[in-house]
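> Got a file for you: coords.txt, compact mmCIF, C-alpha atoms and all ligand atoms.
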# COMPACT_ATOMS: atom_id res chain seq x y z
CA MET A 647 -32.01 19.20 17.83
CA SER A 648 -33.46 16.69 20.26
CA SER A 649 -30.89 14.43 21.85
CA GLN A 650 -33.63 12.21 23.15
CA ASN A 651 -34.24 9.76 20.36
CA ILE A 652 -31.06 9.15 18.43
CA TYR A 653 -30.24 5.79 16.83
CA ILE A 654 -26.71 5.31 15.52
CA LEU A 655 -25.18 2.34 13.75
CA GLY A 656 -21.52 1.74 14.62
CA ILE A 657 -19.23 -0.30 12.37
CA GLU A 658 -15.79 -1.63 13.31
CA SER A 659 -13.41 -3.46 10.96
CA SER A 660 -9.91 -2.28 11.85
CA CYS A 661 -8.28 -5.65 12.50
CA ASP A 662 -9.75 -9.15 12.55
CA ASP A 663 -13.20 -8.57 14.07
CA THR A 664 -16.15 -7.51 11.94
CA ALA A 665 -18.54 -5.74 14.29
CA ALA A 666 -21.74 -3.70 14.22
CA SER A 667 -23.75 -2.14 17.01
CA VAL A 668 -26.82 0.03 17.43
CA ILE A 669 -26.91 2.63 20.17
CA HIS A 670 -30.04 4.45 21.29
CA ASN A 671 -28.94 7.67 22.98
CA GLY A 672 -26.20 6.41 25.32
CA LYS A 673 -27.48 2.85 25.64
CA ILE A 674 -26.34 -0.10 23.55
CA LEU A 675 -29.21 -2.05 21.95
CA SER A 676 -27.05 -4.57 20.08
CA ASN A 677 -23.37 -5.44 19.87
CA VAL A 678 -22.55 -8.06 17.26
CA VAL A 679 -19.02 -9.32 16.62
CA ALA A 680 -17.90 -11.87 14.05
CA SER A 681 -14.41 -12.96 15.07
CA GLN A 682 -12.21 -14.47 12.39
CA LYS A 683 -11.03 -17.94 13.35
CA ILE A 684 -8.99 -18.27 10.15
CA HIS A 685 -5.95 -16.53 11.71
CA GLU A 686 -5.49 -19.10 14.49
CA GLU A 687 -3.73 -21.57 12.25
CA TYR A 688 -1.24 -18.88 11.18
CA GLY A 689 -0.46 -17.76 14.74
CA GLY A 690 -1.33 -14.14 13.96
CA VAL A 691 -3.56 -11.93 11.85
CA VAL A 692 -3.02 -12.30 8.09
CA PRO A 693 -4.12 -8.93 6.61
CA GLU A 694 -5.27 -10.26 3.23
CA LEU A 695 -7.41 -12.97 4.83
CA ALA A 696 -8.82 -10.46 7.33
CA SER A 697 -9.94 -8.15 4.55
CA ARG A 698 -11.62 -10.98 2.67
CA ALA A 699 -13.42 -12.20 5.80
CA HIS A 700 -14.67 -8.66 6.52
CA GLN A 701 -16.19 -8.56 3.06
CA GLN A 702 -18.04 -11.79 3.75
CA ASN A 703 -19.16 -10.80 7.23
CA ILE A 704 -20.11 -7.16 7.04
CA VAL A 705 -23.59 -7.43 5.52
CA PRO A 706 -24.84 -10.24 7.82
CA VAL A 707 -23.27 -8.59 10.89
CA VAL A 708 -24.97 -5.24 10.21
CA HIS A 709 -28.23 -7.02 9.45
CA GLN A 710 -28.04 -8.88 12.76
CA ALA A 711 -27.20 -5.72 14.71
CA LEU A 712 -30.31 -3.97 13.36
CA LYS A 713 -32.44 -7.04 13.99
CA LYS A 714 -31.24 -7.44 17.58
CA ALA A 715 -31.86 -3.74 18.20
CA ASN A 716 -35.35 -4.29 16.83
CA ILE A 717 -35.20 -1.34 14.45
CA THR A 718 -35.17 -0.94 10.67
CA LYS A 719 -32.40 0.88 8.83
CA ASP A 720 -34.78 3.75 8.09
CA GLU A 721 -34.91 4.61 11.79
CA LEU A 722 -31.16 5.26 11.93
CA ASN A 723 -29.99 8.84 12.42
CA ALA A 724 -26.35 8.31 11.43
CA VAL A 725 -23.69 5.74 10.53
CA ALA A 726 -20.40 5.79 12.47
CA PHE A 727 -17.38 3.79 11.32
CA THR A 728 -13.76 3.17 12.29
CA ARG A 729 -11.57 5.30 10.05
CA GLY A 730 -8.30 4.14 11.65
CA PRO A 731 -5.80 3.21 12.89
CA GLY A 732 -5.65 -0.41 11.75
CA LEU A 733 -4.97 -2.63 8.77
CA MET A 734 -5.68 -0.74 5.54
CA GLY A 735 -7.43 -3.63 3.77
CA SER A 736 -9.64 -4.21 6.80
CA LEU A 737 -10.46 -0.53 7.34
CA LEU A 738 -11.43 -0.11 3.68
CA VAL A 739 -14.22 -2.68 3.97
CA GLY A 740 -15.91 -0.90 6.90
CA THR A 741 -15.29 2.54 5.45
CA SER A 742 -16.72 1.74 2.03
CA PHE A 743 -19.71 -0.02 3.53
CA ALA A 744 -20.47 2.84 5.94
CA LYS A 745 -20.16 5.45 3.21
CA SER A 746 -22.58 3.73 0.86
CA PHE A 747 -24.99 2.83 3.65
CA ALA A 748 -25.16 6.43 4.90
CA TYR A 749 -25.40 7.74 1.33
CA GLY A 750 -28.22 5.36 0.49
CA LEU A 751 -30.18 6.32 3.60
CA ASN A 752 -29.31 10.01 3.18
CA ILE A 753 -28.16 10.33 6.80
CA PRO A 754 -24.89 11.71 8.28
CA LEU A 755 -21.66 9.74 8.21
CA ILE A 756 -19.37 9.92 11.27
CA ASP A 757 -15.70 8.92 11.20
CA ILE A 758 -14.25 7.45 14.39
CA ASN A 759 -10.72 7.04 15.71
CA HIS A 760 -10.41 3.46 17.01
CA MET A 761 -8.06 4.45 19.85
CA GLN A 762 -10.37 7.21 21.07
CA ALA A 763 -13.20 4.69 20.93
CA HIS A 764 -11.39 2.21 23.19
CA ILE A 765 -11.19 5.02 25.75
CA LEU A 766 -14.68 6.44 25.28
CA ALA A 767 -16.20 2.95 25.68
CA HIS A 768 -16.19 3.93 29.35
CA PHE A 769 -19.06 6.32 28.59
CA ILE A 770 -21.52 3.66 27.46
CA ASP A 771 -24.52 3.62 29.82
CA GLU A 772 -24.25 0.31 31.61
CA GLU A 773 -25.64 -0.66 34.97
CA GLY A 774 -22.95 -1.27 37.57
CA PHE A 775 -20.25 0.58 35.57
CA GLU A 776 -19.19 4.06 36.58
CA LYS A 777 -17.97 6.63 34.10
CA PRO A 778 -14.60 8.23 34.86
CA PRO A 779 -14.55 11.97 35.59
CA PHE A 780 -12.26 14.30 33.58
CA PRO A 781 -9.32 14.42 33.69
CA PHE A 782 -8.42 10.74 33.85
CA LEU A 783 -5.66 8.49 32.59
CA ALA A 784 -6.52 5.74 30.12
CA MET A 785 -4.26 2.81 29.39
CA THR A 786 -5.22 0.92 26.23
CA ILE A 787 -3.68 -2.52 26.15
CA SER A 788 -4.39 -5.00 23.38
CA GLY A 789 -2.85 -7.05 20.61
CA GLY A 790 -2.47 -3.93 18.51
CA HIS A 791 -1.90 -1.11 20.97
CA THR A 792 -0.27 -0.04 24.21
CA GLN A 793 -0.79 3.59 25.17
CA ILE A 794 -1.25 5.81 28.17
CA VAL A 795 -3.50 8.72 27.34
CA LYS A 796 -4.37 11.79 29.38
CA VAL A 797 -8.04 12.45 28.79
CA ASP A 798 -9.15 16.03 29.55
CA ASN A 799 -12.46 15.77 27.74
CA TYR A 800 -14.21 13.51 25.23
CA PHE A 801 -12.17 14.80 22.32
CA ASP A 802 -9.30 16.41 24.16
CA MET A 803 -6.79 13.58 24.60
CA THR A 804 -3.00 13.49 24.71
CA VAL A 805 -0.90 10.36 24.28
CA ILE A 806 1.71 10.59 27.05
CA GLY A 807 3.25 7.15 26.58
CA GLU A 808 3.20 4.34 24.04
CA THR A 809 5.08 1.27 22.96
CA ILE A 810 8.13 1.77 20.80
CA ASP A 811 7.92 -1.80 19.43
CA ASP A 812 5.47 -4.62 20.25
CA ALA A 813 2.07 -4.15 21.86
CA VAL A 814 1.52 -5.79 25.24
CA GLY A 815 -0.91 -8.34 23.76
CA GLU A 816 1.82 -9.32 21.30
CA ALA A 817 4.17 -9.83 24.22
CA PHE A 818 1.68 -12.32 25.65
CA ASP A 819 1.00 -13.95 22.28
CA LYS A 820 4.62 -14.22 21.16
CA SER A 821 5.73 -15.58 24.54
CA GLY A 822 2.93 -18.13 24.30
CA LYS A 823 4.08 -19.15 20.84
CA LEU A 824 7.56 -19.86 22.22
CA LEU A 825 5.89 -22.12 24.78
CA GLY A 826 3.89 -23.94 22.12
CA LEU A 827 0.55 -22.41 23.15
CA GLY A 828 -2.17 -21.62 20.58
CA TYR A 829 -3.04 -18.16 19.25
CA PRO A 830 -3.91 -15.85 20.87
CA ALA A 831 -2.01 -17.08 23.92
CA GLY A 832 -2.94 -14.28 26.36
CA PRO A 833 -5.99 -16.00 27.89
CA GLU A 834 -4.14 -19.34 28.22
CA ILE A 835 -1.14 -17.69 29.91
CA ASP A 836 -3.57 -15.96 32.28
CA LYS A 837 -5.26 -19.27 33.13
CA ARG A 838 -1.99 -21.06 33.77
CA ALA A 839 -0.50 -18.11 35.66
CA LYS A 840 -3.18 -18.59 38.32
CA LEU A 841 -1.74 -22.05 39.03
CA GLY A 842 1.94 -21.08 38.99
CA ASN A 843 4.53 -19.23 41.04
CA PRO A 844 5.08 -15.69 39.66
CA LYS A 845 8.52 -15.50 41.23
CA ALA A 846 9.79 -18.85 39.94
CA PHE A 847 11.78 -17.21 37.13
CA GLN A 848 13.04 -13.67 36.79
CA PHE A 849 13.07 -11.66 33.59
CA THR A 850 14.63 -8.24 33.58
CA LYS A 851 12.26 -5.43 32.74
CA PRO A 852 13.18 -3.26 29.74
CA LYS A 853 14.72 0.09 30.55
CA VAL A 854 12.73 2.64 28.62
CA SER A 855 12.77 6.15 29.96
CA GLY A 856 9.64 8.16 30.64
CA LEU A 857 6.23 6.74 29.92
CA ASN A 858 7.02 4.73 26.79
CA PHE A 859 6.98 0.93 26.70
CA SER A 860 9.11 -1.70 25.02
CA PHE A 861 8.32 -5.40 24.89
CA SER A 862 10.59 -6.79 22.19
CA GLY A 863 13.57 -7.17 24.57
CA LEU A 864 11.44 -9.19 26.96
CA LYS A 865 10.42 -11.53 24.15
CA THR A 866 14.08 -12.10 23.26
CA ALA A 867 14.99 -12.66 26.92
CA ILE A 868 12.24 -15.27 27.19
CA LEU A 869 13.42 -16.93 23.97
CA TYR A 870 17.02 -17.25 25.20
CA PHE A 871 15.85 -18.41 28.62
CA ILE A 872 13.73 -21.18 27.11
CA GLN A 873 16.43 -22.26 24.65
CA ARG A 874 18.95 -22.51 27.50
CA GLU A 875 16.68 -24.43 29.83
CA VAL A 876 15.39 -26.81 27.16
CA LYS A 877 18.97 -27.65 26.22
CA ALA A 878 19.57 -28.76 29.80
CA ASN A 879 16.19 -30.44 30.19
CA PRO A 880 14.11 -31.23 27.09
CA ASN A 881 10.98 -31.45 29.26
CA PHE A 882 11.58 -28.06 30.88
CA ILE A 883 8.53 -26.38 29.32
CA THR A 884 5.98 -29.07 30.11
CA GLU A 885 7.35 -29.57 33.64
CA ASN A 886 7.28 -25.83 34.43
CA LEU A 887 4.59 -24.40 32.19
CA ASN A 888 2.43 -22.84 34.92
CA ASP A 889 5.42 -21.27 36.66
CA ILE A 890 6.78 -19.92 33.37
CA CYS A 891 3.38 -18.41 32.51
CA ALA A 892 3.03 -16.90 35.99
CA SER A 893 6.52 -15.40 35.80
CA ILE A 894 5.99 -13.93 32.33
CA GLN A 895 2.64 -12.44 33.35
CA TYR A 896 4.09 -11.04 36.57
CA THR A 897 6.86 -9.32 34.61
CA ILE A 898 4.49 -7.85 32.01
CA ILE A 899 2.02 -6.59 34.62
CA GLY A 900 4.93 -5.08 36.56
CA ILE A 901 5.97 -3.12 33.46
CA LEU A 902 2.44 -1.78 32.96
CA ILE A 903 1.91 -0.83 36.59
CA ASP A 904 5.33 0.89 36.88
CA LYS A 905 4.41 3.16 33.97
CA LEU A 906 0.94 3.85 35.32
CA LYS A 907 2.45 4.81 38.67
CA LEU A 908 4.83 7.19 36.94
CA ALA A 909 2.05 8.67 34.78
CA SER A 910 -0.13 9.19 37.84
CA LYS A 911 2.74 10.83 39.71
CA GLN A 912 3.66 13.11 36.80
CA THR A 913 0.11 14.26 36.09
CA GLY A 914 -1.31 14.13 39.61
CA ILE A 915 -4.28 12.17 38.21
CA LYS A 916 -5.58 9.23 40.23
CA HIS A 917 -8.56 8.21 38.12
CA ILE A 918 -7.32 5.37 35.96
CA ALA A 919 -9.24 3.59 33.22
CA ILE A 920 -8.10 0.63 31.14
CA GLY A 921 -9.32 -0.82 27.88
CA GLY A 922 -8.36 -3.32 25.17
CA GLY A 923 -8.28 -7.13 25.20
CA VAL A 924 -5.48 -7.40 27.75
CA SER A 925 -7.64 -5.67 30.36
CA ALA A 926 -9.34 -9.06 30.69
CA ASN A 927 -6.14 -10.30 32.34
CA SER A 928 -6.68 -11.29 35.96
CA GLY A 929 -3.20 -10.06 36.93
CA ILE A 930 -3.78 -6.51 35.70
CA ARG A 931 -7.23 -6.47 37.29
CA GLN A 932 -5.78 -7.51 40.64
CA ALA A 933 -2.94 -4.99 40.34
CA LEU A 934 -5.44 -2.20 39.70
CA LYS A 935 -7.48 -3.29 42.71
CA ASP A 936 -4.32 -3.20 44.82
CA GLY A 937 -3.63 0.29 43.44
CA LYS A 938 -6.76 1.52 45.20
CA GLN A 939 -5.25 0.88 48.60
CA LYS A 940 -1.60 1.42 47.70
CA PHE A 941 -1.84 4.60 45.66
CA GLY A 942 -5.35 5.92 46.26
CA TRP A 943 -6.39 5.21 42.68
CA THR A 944 -9.97 4.97 41.49
CA THR A 945 -9.98 2.49 38.63
CA TYR A 946 -12.39 1.82 35.78
CA VAL A 947 -12.58 -1.40 33.78
CA PRO A 948 -15.33 -1.62 31.15
CA LYS A 949 -17.61 -4.58 30.63
CA PHE A 950 -15.62 -7.22 28.73
CA GLU A 951 -17.69 -7.08 25.54
CA PHE A 952 -16.96 -3.34 25.27
CA THR A 953 -13.23 -3.64 25.83
CA THR A 954 -12.01 -6.08 23.16
CA ASP A 955 -12.49 -4.80 19.60
CA ASN A 956 -16.20 -4.09 19.20
CA ALA A 957 -18.60 -1.70 17.50
CA ALA A 958 -20.42 -0.52 20.63
CA MET A 959 -17.42 1.70 21.36
CA ILE A 960 -17.68 3.08 17.80
CA ALA A 961 -21.40 3.70 18.28
CA ILE A 962 -20.94 5.61 21.58
CA VAL A 963 -18.36 7.92 20.00
CA GLY A 964 -20.70 8.27 17.03
CA TYR A 965 -23.40 9.40 19.43
CA LEU A 966 -21.11 11.91 21.15
CA LYS A 967 -20.01 13.33 17.79
CA TYR A 968 -23.60 13.37 16.52
CA LEU A 969 -24.59 15.60 19.44
CA GLU A 970 -21.83 17.99 18.39
CA GLY A 971 -22.82 17.84 14.73
CA ASP A 972 -19.34 16.60 13.88
CA PHE A 973 -19.91 14.73 10.62
CA ALA A 974 -17.63 13.37 7.89
CA LYS A 975 -17.85 14.08 4.19
CA GLN A 976 -18.39 11.33 1.61
CA ASP A 977 -14.77 11.68 0.42
CA VAL A 978 -13.34 10.71 3.85
CA MET A 979 -10.57 8.10 3.50
CA ALA A 980 -9.55 5.23 5.76
CA SER A 981 -6.29 6.02 7.55
CA ALA A 982 -4.10 3.13 8.74
CA ARG A 983 -1.93 5.37 10.94
CA LEU A 984 -4.55 7.75 12.27
CA LYS A 985 -3.37 9.41 15.51
CA ILE A 986 -5.41 10.36 18.57
O1 LIG B 1001 -8.61 -5.89 22.01
P1 LIG B 1001 -8.33 -7.20 21.38
O2 LIG B 1001 -9.44 -8.21 21.34
O3 LIG B 1001 -7.87 -7.01 19.90
C1 LIG B 1001 -6.83 -6.17 19.52
O4 LIG B 1001 -5.70 -6.67 19.54
O5 LIG B 1001 -7.09 -5.00 19.21
O6 LIG B 1001 -7.07 -7.82 22.13
C2 LIG B 1001 -6.56 -9.09 21.83
C3 LIG B 1001 -5.34 -9.31 22.67
C4 LIG B 1001 -4.56 -10.58 22.30
O7 LIG B 1001 -3.20 -10.25 22.23
C5 LIG B 1001 -4.86 -11.50 23.47
O8 LIG B 1001 -3.83 -12.43 23.73
C6 LIG B 1001 -4.98 -10.52 24.60
O9 LIG B 1001 -5.69 -9.42 24.05
N1 LIG B 1001 -5.73 -11.07 25.74
C7 LIG B 1001 -5.19 -11.33 26.93
C8 LIG B 1001 -6.22 -11.88 27.73
N2 LIG B 1001 -7.36 -11.92 27.00
C9 LIG B 1001 -7.05 -11.41 25.78
N3 LIG B 1001 -3.94 -11.18 27.37
C10 LIG B 1001 -3.69 -11.54 28.64
N4 LIG B 1001 -4.61 -12.07 29.48
C11 LIG B 1001 -5.88 -12.26 29.06
N5 LIG B 1001 -6.79 -12.78 29.90
ZN ZN B 1002 -8.44 -2.29 19.37
For the file at hand, write its structure as structure tokens.

Amino acid sequence: MSSQNIYILGIESSCDDTAASVIHNGKILSNVVASQKIHEEYGGVVPELASRAHQQNIVPVVHQALKKANITKDELNAVAFTRGPGLMGSLLVGTSFAKSFAYGLNIPLIDINHMQAHILAHFIDEEGFEKPPFPFLAMTISGGHTQIVKVDNYFDMTVIGETIDDAVGEAFDKSGKLLGLGYPAGPEIDKRAKLGNPKAFQFTKPKVSGLNFSFSGLKTAILYFIQREVKANPNFITENLNDICASIQYTIIGILIDKLKLASKQTGIKHIAIGGGVSANSGIRQALKDGKQKFGWTTYVPKFEFTTDNAAMIAIVGYLKYLEGDFAKQDVMASARLKI
């Protein structure tokens, strides 16, 4: 089998982004994402609406991905799709589409684990971005996930820490909601944090042993803090918004970095990769940079478009699995709680 001329279509629909991408060998030719604005007014993803929007978006998104890649569907060698984890109604749209598309074209179908894909996005060929060597630690931080994974090889991964309640992106978004910010609040908190004093207010970090995370206690602490302060001064939030954002961000980043330090110490691994929407955060990026000098880490942050939910990461894993001949059968089912 020649590995020289392989075109794979990747499809992602696990949450609220409908995405399709074409990869040629290891290089991304197109990466199309239709984000669903509908959830903004509800302050969070509404599963039923997400599923309906995927149904509307999937055909035009796939069409656009093929068009941008400048190939026809008959040139595809395989169809890769997100099998899980994610919202069942959302996953079903991508899964059903991928199955019938592959069946119609009579080409292999490849099922992909979304969490593995966030990590393996680091192996997309992209100028200026280095690929981490094995073994490395990967921290996936987004609105849906918070994990530290030991990666010994492409498909040899062990989750060594994860959140026991909220994801880190939720911690940003829920804190932002308490402050009256729009959804998702992460980017706005980040922007304001740059203008504020990170030490203006202190929030105690949750005490979770080992490498697991917890963010729900922090959310409650912030809620009580705001209620107390607003009672004393109704304008407290508007007068202190930048400082509050900076302090919340400082606390969250501190939690993440503490666990990464522990994971690095326990495993002896100093190559550290991050992925997921929260890796856009300027605080975590700076903290990782500092980790180079402080702890001798080598850190890897993917290009932004490959780190939020996207189909390029599905396509790269599809390519890696294609090379191994690791295909799915037509009776493969979506799996909302699929594990790494
Ligand atoms: O990976 P993603 O696009 O979707 C999933 O949740 O899987 O991540 C979205 C999350 C949201 O919670 C959003 O608030 C957060 O990433 N986020 C950020 C930043 N940009 C996005 N959080 C903090 N700082 C940012 N700059
Ligand atoms: Zn994700």
> Might you pull out every residue within 10 Å of segment 792-794 of chain A, with all atoms listed in the file counted and same-chain residues fewer than 3 positions away left off, and present them as an MDAnalysis selection string?
chainID A and resid 761 783:789 797 804:816 857:860 902 905:906 909 918:922 924
> Using all atoms listed in the file, what table do you get, as a Markdown table, when you list each residue of chain A with an atom no more than 10 Å from ligand ZN 1002 (chain B), its nearest pair of atoms, and their distance in Å rounded to one decimal, rows by chain then rising number?

| residue | atom | partner | partner_atom | distance |
| --- | --- | --- | --- | --- |
| A:Glu658 | CA | B:ZN1002 | ZN | 9.5 |
| A:Ser659 | CA | B:ZN1002 | ZN | 9.8 |
| A:Ser660 | CA | B:ZN1002 | ZN | 7.7 |
| A:Cys661 | CA | B:ZN1002 | ZN | 7.6 |
| A:Asp662 | CA | B:ZN1002 | ZN | 9.8 |
| A:Asp663 | CA | B:ZN1002 | ZN | 9.5 |
| A:Pro731 | CA | B:ZN1002 | ZN | 8.9 |
| A:Gly732 | CA | B:ZN1002 | ZN | 8.3 |
| A:His760 | CA | B:ZN1002 | ZN | 6.5 |
| A:Met761 | CA | B:ZN1002 | ZN | 6.8 |
| A:Gln762 | CA | B:ZN1002 | ZN | 9.8 |
| A:Ala763 | CA | B:ZN1002 | ZN | 8.6 |
| A:His764 | CA | B:ZN1002 | ZN | 6.6 |
| A:Thr786 | CA | B:ZN1002 | ZN | 8.2 |
| A:Ile787 | CA | B:ZN1002 | ZN | 8.3 |
| A:Ser788 | CA | B:ZN1002 | ZN | 6.3 |
| A:Gly789 | CA | B:ZN1002 | ZN | 7.4 |
| A:Gly790 | CA | B:ZN1002 | ZN | 6.3 |
| A:His791 | CA | B:ZN1002 | ZN | 6.8 |
| A:Thr792 | CA | B:ZN1002 | ZN | 9.8 |
| A:Gly921 | CA | B:ZN1002 | ZN | 8.7 |
| A:Gly922 | CA | B:ZN1002 | ZN | 5.9 |
| A:Gly923 | CA | B:ZN1002 | ZN | 7.6 |
| A:Thr953 | CA | B:ZN1002 | ZN | 8.2 |
| A:Thr954 | CA | B:ZN1002 | ZN | 6.4 |
| A:Asp955 | CA | B:ZN1002 | ZN | 4.8 |
| A:Asn956 | CA | B:ZN1002 | ZN | 8.0 |
> As an exercise, work out the distance from atom CA of Asn716 of chain A to atom CA of Ile704 of chain A in Å and give it to one decimal place.
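These two atoms are separated by 18.3 Å.
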> Which of these residues is nearest to Ala892 of chain A, using all atoms listed in the file: A:Asp798, A:Glu776, A:Asp819, A:Asp836?
A:Asp836
> Under the rule that all atoms listed in the file are counted, which of A:Ala715, A:Val876, A:Leu827, A:Ala724 is the nearest residue to Glu687 of chain A?
A:Leu827
> Of the candidates A:Phe952, A:Tyr870, A:Phe769, A:Phe743, which shows the shortest atom-to-atom distance to ligand LIG 1001 (chain B), using all atoms listed in the file?
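Distance minimum relative to ligand LIG 1001 (chain B) lands on A:Phe952.
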> Under the rule that only C-alpha atoms and all ligand atoms are counted, which of A:Arg838, A:Lys845, A:Lys940, A:Lys745 is the nearest residue to ligand LIG 1001 (chain B)?
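Using only C-alpha atoms and all ligand atoms, ligand LIG 1001 (chain B) sits closest to A:Arg838.
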> Extract, using all atoms listed in the file, all DNA, RNA and protein residues at most 9 Å from Ile962 of chain A, discarding same-chain residues fewer than 6 positions from it, and format them as number ranges by chain.
A: 654, 656, 669, 671-674, 763, 766-767, 769-770
> Just want the 12 Å neighbourhood of Met979 of chain A, counted on all atoms listed in the file, with same-chain residues fewer than 2 positions away dropped. Output as a list in words.
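The residues satisfying every condition are Phe727, Thr728, Arg729, Gly730, Pro731, Met734, Leu737, Leu738, Val739, Gly740, Thr741, Ser742, Ala744, Lys745, Ile756, Asp757, Ile758, Ala974, Lys975, Gln976, Asp977, Ser981, Ala982, Arg983 and Leu984 of chain A.
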> Using all atoms listed in the file, which protein or nucleic acid residues come within 10 Å of Val691 of chain A? Drop anything in the same chain fewer than 3 positions from it, and give the result as an MDAnalysis selection string.
chainID A and resid 661:662 682:688 694:696 733 829:830
> Kindly give the distance, in Å, that separates atom CA of Glu772 of chain A and atom CA of Val947 of chain A, rounded to a single decimal.
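Atom-to-atom, atom CA of Glu772 of chain A and atom CA of Val947 of chain A are spaced 12.0 Å apart.
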> Calculate how many Å separate atom N1 of ligand LIG 1001 (chain B) from atom CA of Asn927 of chain A, rounding to one decimal.
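Answer for the atom N1 of ligand LIG 1001 (chain B) to atom CA of Asn927 of chain A separation: 6.7 Å.
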